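What follows is the content of model.pdb, which has PDB, C-alpha atoms:
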```
ATOM      1  CA  MET A 476     -31.292 -40.451 -32.857  1.00  0.00           C
ATOM      2  CA  ILE A 477     -33.808 -41.160 -30.129  1.00  0.00           C
ATOM      3  CA  ARG A 478     -37.491 -41.110 -31.041  1.00  0.00           C
ATOM      4  CA  SER A 479     -39.300 -37.957 -29.972  1.00  0.00           C
ATOM      5  CA  THR A 480     -41.886 -39.949 -27.989  1.00  0.00           C
ATOM      6  CA  ARG A 481     -39.139 -41.524 -25.885  1.00  0.00           C
ATOM      7  CA  LEU A 482     -37.430 -38.172 -25.441  1.00  0.00           C
ATOM      8  CA  LEU A 483     -40.756 -36.661 -24.388  1.00  0.00           C
ATOM      9  CA  ASP A 484     -41.143 -39.431 -21.819  1.00  0.00           C
ATOM     10  CA  LEU A 485     -37.675 -38.818 -20.406  1.00  0.00           C
ATOM     11  CA  VAL A 486     -38.062 -35.041 -20.234  1.00  0.00           C
ATOM     12  CA  ASN A 487     -41.394 -35.323 -18.420  1.00  0.00           C
ATOM     13  CA  THR A 488     -40.189 -37.862 -15.868  1.00  0.00           C
ATOM     14  CA  MET A 489     -36.650 -36.598 -15.306  1.00  0.00           C
ATOM     15  CA  ASP A 490     -34.854 -33.291 -15.136  1.00  0.00           C
ATOM     16  CA  PRO A 491     -34.814 -31.739 -18.643  1.00  0.00           C
ATOM     17  CA  LYS A 492     -31.251 -30.501 -18.089  1.00  0.00           C
ATOM     18  CA  LEU A 493     -30.093 -34.013 -17.232  1.00  0.00           C
ATOM     19  CA  VAL A 494     -31.747 -35.427 -20.348  1.00  0.00           C
ATOM     20  CA  ALA A 495     -30.157 -32.685 -22.456  1.00  0.00           C
ATOM     21  CA  ALA A 496     -26.708 -33.452 -21.058  1.00  0.00           C
ATOM     22  CA  ALA A 497     -27.146 -37.192 -21.618  1.00  0.00           C
ATOM     23  CA  PHE A 498     -27.974 -36.700 -25.291  1.00  0.00           C
ATOM     24  CA  GLY A 499     -25.589 -33.839 -26.023  1.00  0.00           C
ATOM     25  CA  MET A 500     -28.357 -31.286 -26.451  1.00  0.00           C
ATOM     26  CA  THR A 501     -28.774 -27.809 -25.037  1.00  0.00           C
ATOM     27  CA  ALA A 502     -31.116 -27.449 -22.057  1.00  0.00           C
ATOM     28  CA  GLU A 503     -33.359 -25.142 -24.079  1.00  0.00           C
ATOM     29  CA  SER A 504     -33.816 -27.733 -26.807  1.00  0.00           C
ATOM     30  CA  THR A 505     -35.551 -30.137 -24.414  1.00  0.00           C
ATOM     31  CA  LEU A 506     -37.991 -27.511 -23.143  1.00  0.00           C
ATOM     32  CA  ILE A 507     -40.050 -27.725 -26.328  1.00  0.00           C
ATOM     33  CA  TYR A 508     -41.036 -31.234 -25.237  1.00  0.00           C
ATOM     34  CA  LEU A 509     -42.550 -29.807 -22.046  1.00  0.00           C
ATOM     35  CA  ALA A 510     -44.807 -27.386 -23.915  1.00  0.00           C
ATOM     36  CA  ASP A 511     -47.481 -30.014 -24.552  1.00  0.00           C
ATOM     37  CA  HIS A 512     -47.490 -31.481 -21.052  1.00  0.00           C
ATOM     38  CA  VAL A 513     -49.102 -29.976 -17.967  1.00  0.00           C
ATOM     39  CA  ASP A 514     -48.861 -31.759 -14.627  1.00  0.00           C
ATOM     40  CA  ASP A 515     -52.432 -31.786 -13.271  1.00  0.00           C
ATOM     41  CA  GLY A 516     -51.122 -31.705  -9.711  1.00  0.00           C
ATOM     42  CA  ARG A 517     -49.708 -28.234 -10.326  1.00  0.00           C
ATOM     43  CA  LEU A 518     -52.952 -26.766 -11.622  1.00  0.00           C
ATOM     44  CA  PRO A 519     -55.157 -24.935  -9.112  1.00  0.00           C
ATOM     45  CA  SER A 520     -58.480 -26.540  -8.308  1.00  0.00           C
ATOM     46  CA  ALA A 521     -61.742 -24.864  -9.348  1.00  0.00           C
ATOM     47  CA  GLU A 522     -62.228 -23.716  -5.745  1.00  0.00           C
ATOM     48  CA  GLU A 523     -58.803 -22.067  -5.654  1.00  0.00           C
ATOM     49  CA  GLN A 524     -59.479 -20.339  -8.957  1.00  0.00           C
ATOM     50  CA  SER A 525     -62.783 -18.887  -7.711  1.00  0.00           C
ATOM     51  CA  LEU A 526     -61.059 -17.582  -4.560  1.00  0.00           C
ATOM     52  CA  ARG A 527     -58.468 -15.756  -6.656  1.00  0.00           C
ATOM     53  CA  ARG A 528     -61.106 -13.932  -8.650  1.00  0.00           C
ATOM     54  CA  HIS A 529     -62.576 -12.187  -5.606  1.00  0.00           C
TER      55      HIS A 529
END
```
Take the structure I supplied and represent it as C-alpha coordinates, if you would.
Amino acid sequence: MIRSTRLLDLVNTMDPKLVAAAFGMTAESTLIYLADHVDDGRLPSAEEQSLRRH
(Lines of atoms letter the chains of each structure in order from A and count residues from 1; the text may use other names and numbers.)
(Lines give C-alpha, C1' and ligand atoms only; values in the text may rest on other atoms or scores of the structure.)
Protein backbone atom coordinates (compact mmCIF):
# COMPACT_ATOMS: atom_id res chain seq x y z
CA MET A 1 0.00 0.00 0.00
CA ILE A 2 1.14 3.54 -0.67
CA ARG A 3 2.29 5.63 2.27
CA SER A 4 -0.27 8.16 3.46
CA THR A 5 2.18 11.06 3.03
CA ARG A 6 2.62 10.20 -0.65
CA LEU A 7 -1.11 9.77 -1.09
CA LEU A 8 -1.66 13.14 0.58
CA ASP A 9 0.81 14.69 -1.85
CA LEU A 10 -0.96 13.19 -4.85
CA VAL A 11 -4.45 14.18 -3.69
CA ASN A 12 -3.38 17.77 -3.07
CA THR A 13 -1.60 18.19 -6.40
CA MET A 14 -3.92 16.17 -8.64
CA ASP A 15 -7.61 15.49 -8.95
CA PRO A 16 -8.72 13.38 -5.95
CA LYS A 17 -11.02 11.33 -8.20
CA LEU A 18 -8.13 10.51 -10.51
CA VAL A 19 -5.96 9.42 -7.59
CA ALA A 20 -8.81 7.29 -6.24
CA ALA A 21 -9.27 5.58 -9.60
CA ALA A 22 -5.53 4.94 -9.96
CA PHE A 23 -5.36 3.18 -6.59
CA GLY A 24 -8.71 1.40 -6.72
CA MET A 25 -10.25 3.54 -4.00
CA THR A 26 -13.57 5.33 -3.83
CA ALA A 27 -13.53 9.07 -4.50
CA GLU A 28 -14.83 9.73 -0.99
CA SER A 29 -11.95 7.85 0.59
CA THR A 30 -9.40 10.33 -0.78
CA LEU A 31 -11.30 13.37 0.50
CA ILE A 32 -10.14 12.73 4.06
CA TYR A 33 -6.63 13.62 2.89
CA LEU A 34 -7.87 17.07 1.85
CA ALA A 35 -9.29 17.86 5.29
CA ASP A 36 -5.93 18.98 6.67
CA HIS A 37 -4.91 21.08 3.68
CA VAL A 38 -6.19 24.55 2.80
CA ASP A 39 -4.92 26.31 -0.31
CA ASP A 40 -3.97 29.82 0.86
CA GLY A 41 -4.82 31.24 -2.55
CA ARG A 42 -8.47 30.34 -2.00
CA LEU A 43 -8.75 32.08 1.35
CA PRO A 44 -10.10 35.64 1.35
CA SER A 45 -7.66 38.35 2.35
CA ALA A 46 -8.17 40.31 5.59
CA GLU A 47 -9.49 43.24 3.53
CA GLU A 48 -12.09 41.05 1.83
CA GLN A 49 -13.18 39.62 5.16
CA SER A 50 -13.70 43.09 6.67
CA LEU A 51 -15.79 44.13 3.64
CA ARG A 52 -18.07 41.13 4.11
CA ARG A 53 -18.80 42.02 7.71
CA HIS A 54 -20.33 45.39 6.84
Please provide as a ChimeraX atom specification all residues within 12 Å of Met500 (chain A), with the sequence filter that same-chain residues fewer than 5 positions apart are discarded (counting only C-alpha atoms). /A:476-477,482,491-495,505-506
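Note that the spacing between CA of Leu509 (chain A) and CA of Ser479 (chain A) amounts to 11.8 Å.
Reported to one decimal place, the separation of CA of Pro519 (chain A) from CA of Asp490 (chain A) is 22.8 Å.
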Kindly give the distance, in Å, that separates CA of Thr488 (chain A) and CA of Ser520 (chain A), rounded to a single decimal.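 Pair CA of Thr488 (chain A) / CA of Ser520 (chain A) returns 22.8 Å.
Each of A:Tyr508, A:Glu522, A:Thr501, A:Arg527 was checked against Arg481 (chain A) using all atoms listed in the file; the smallest atom-to-atom distance is that of A:Tyr508.
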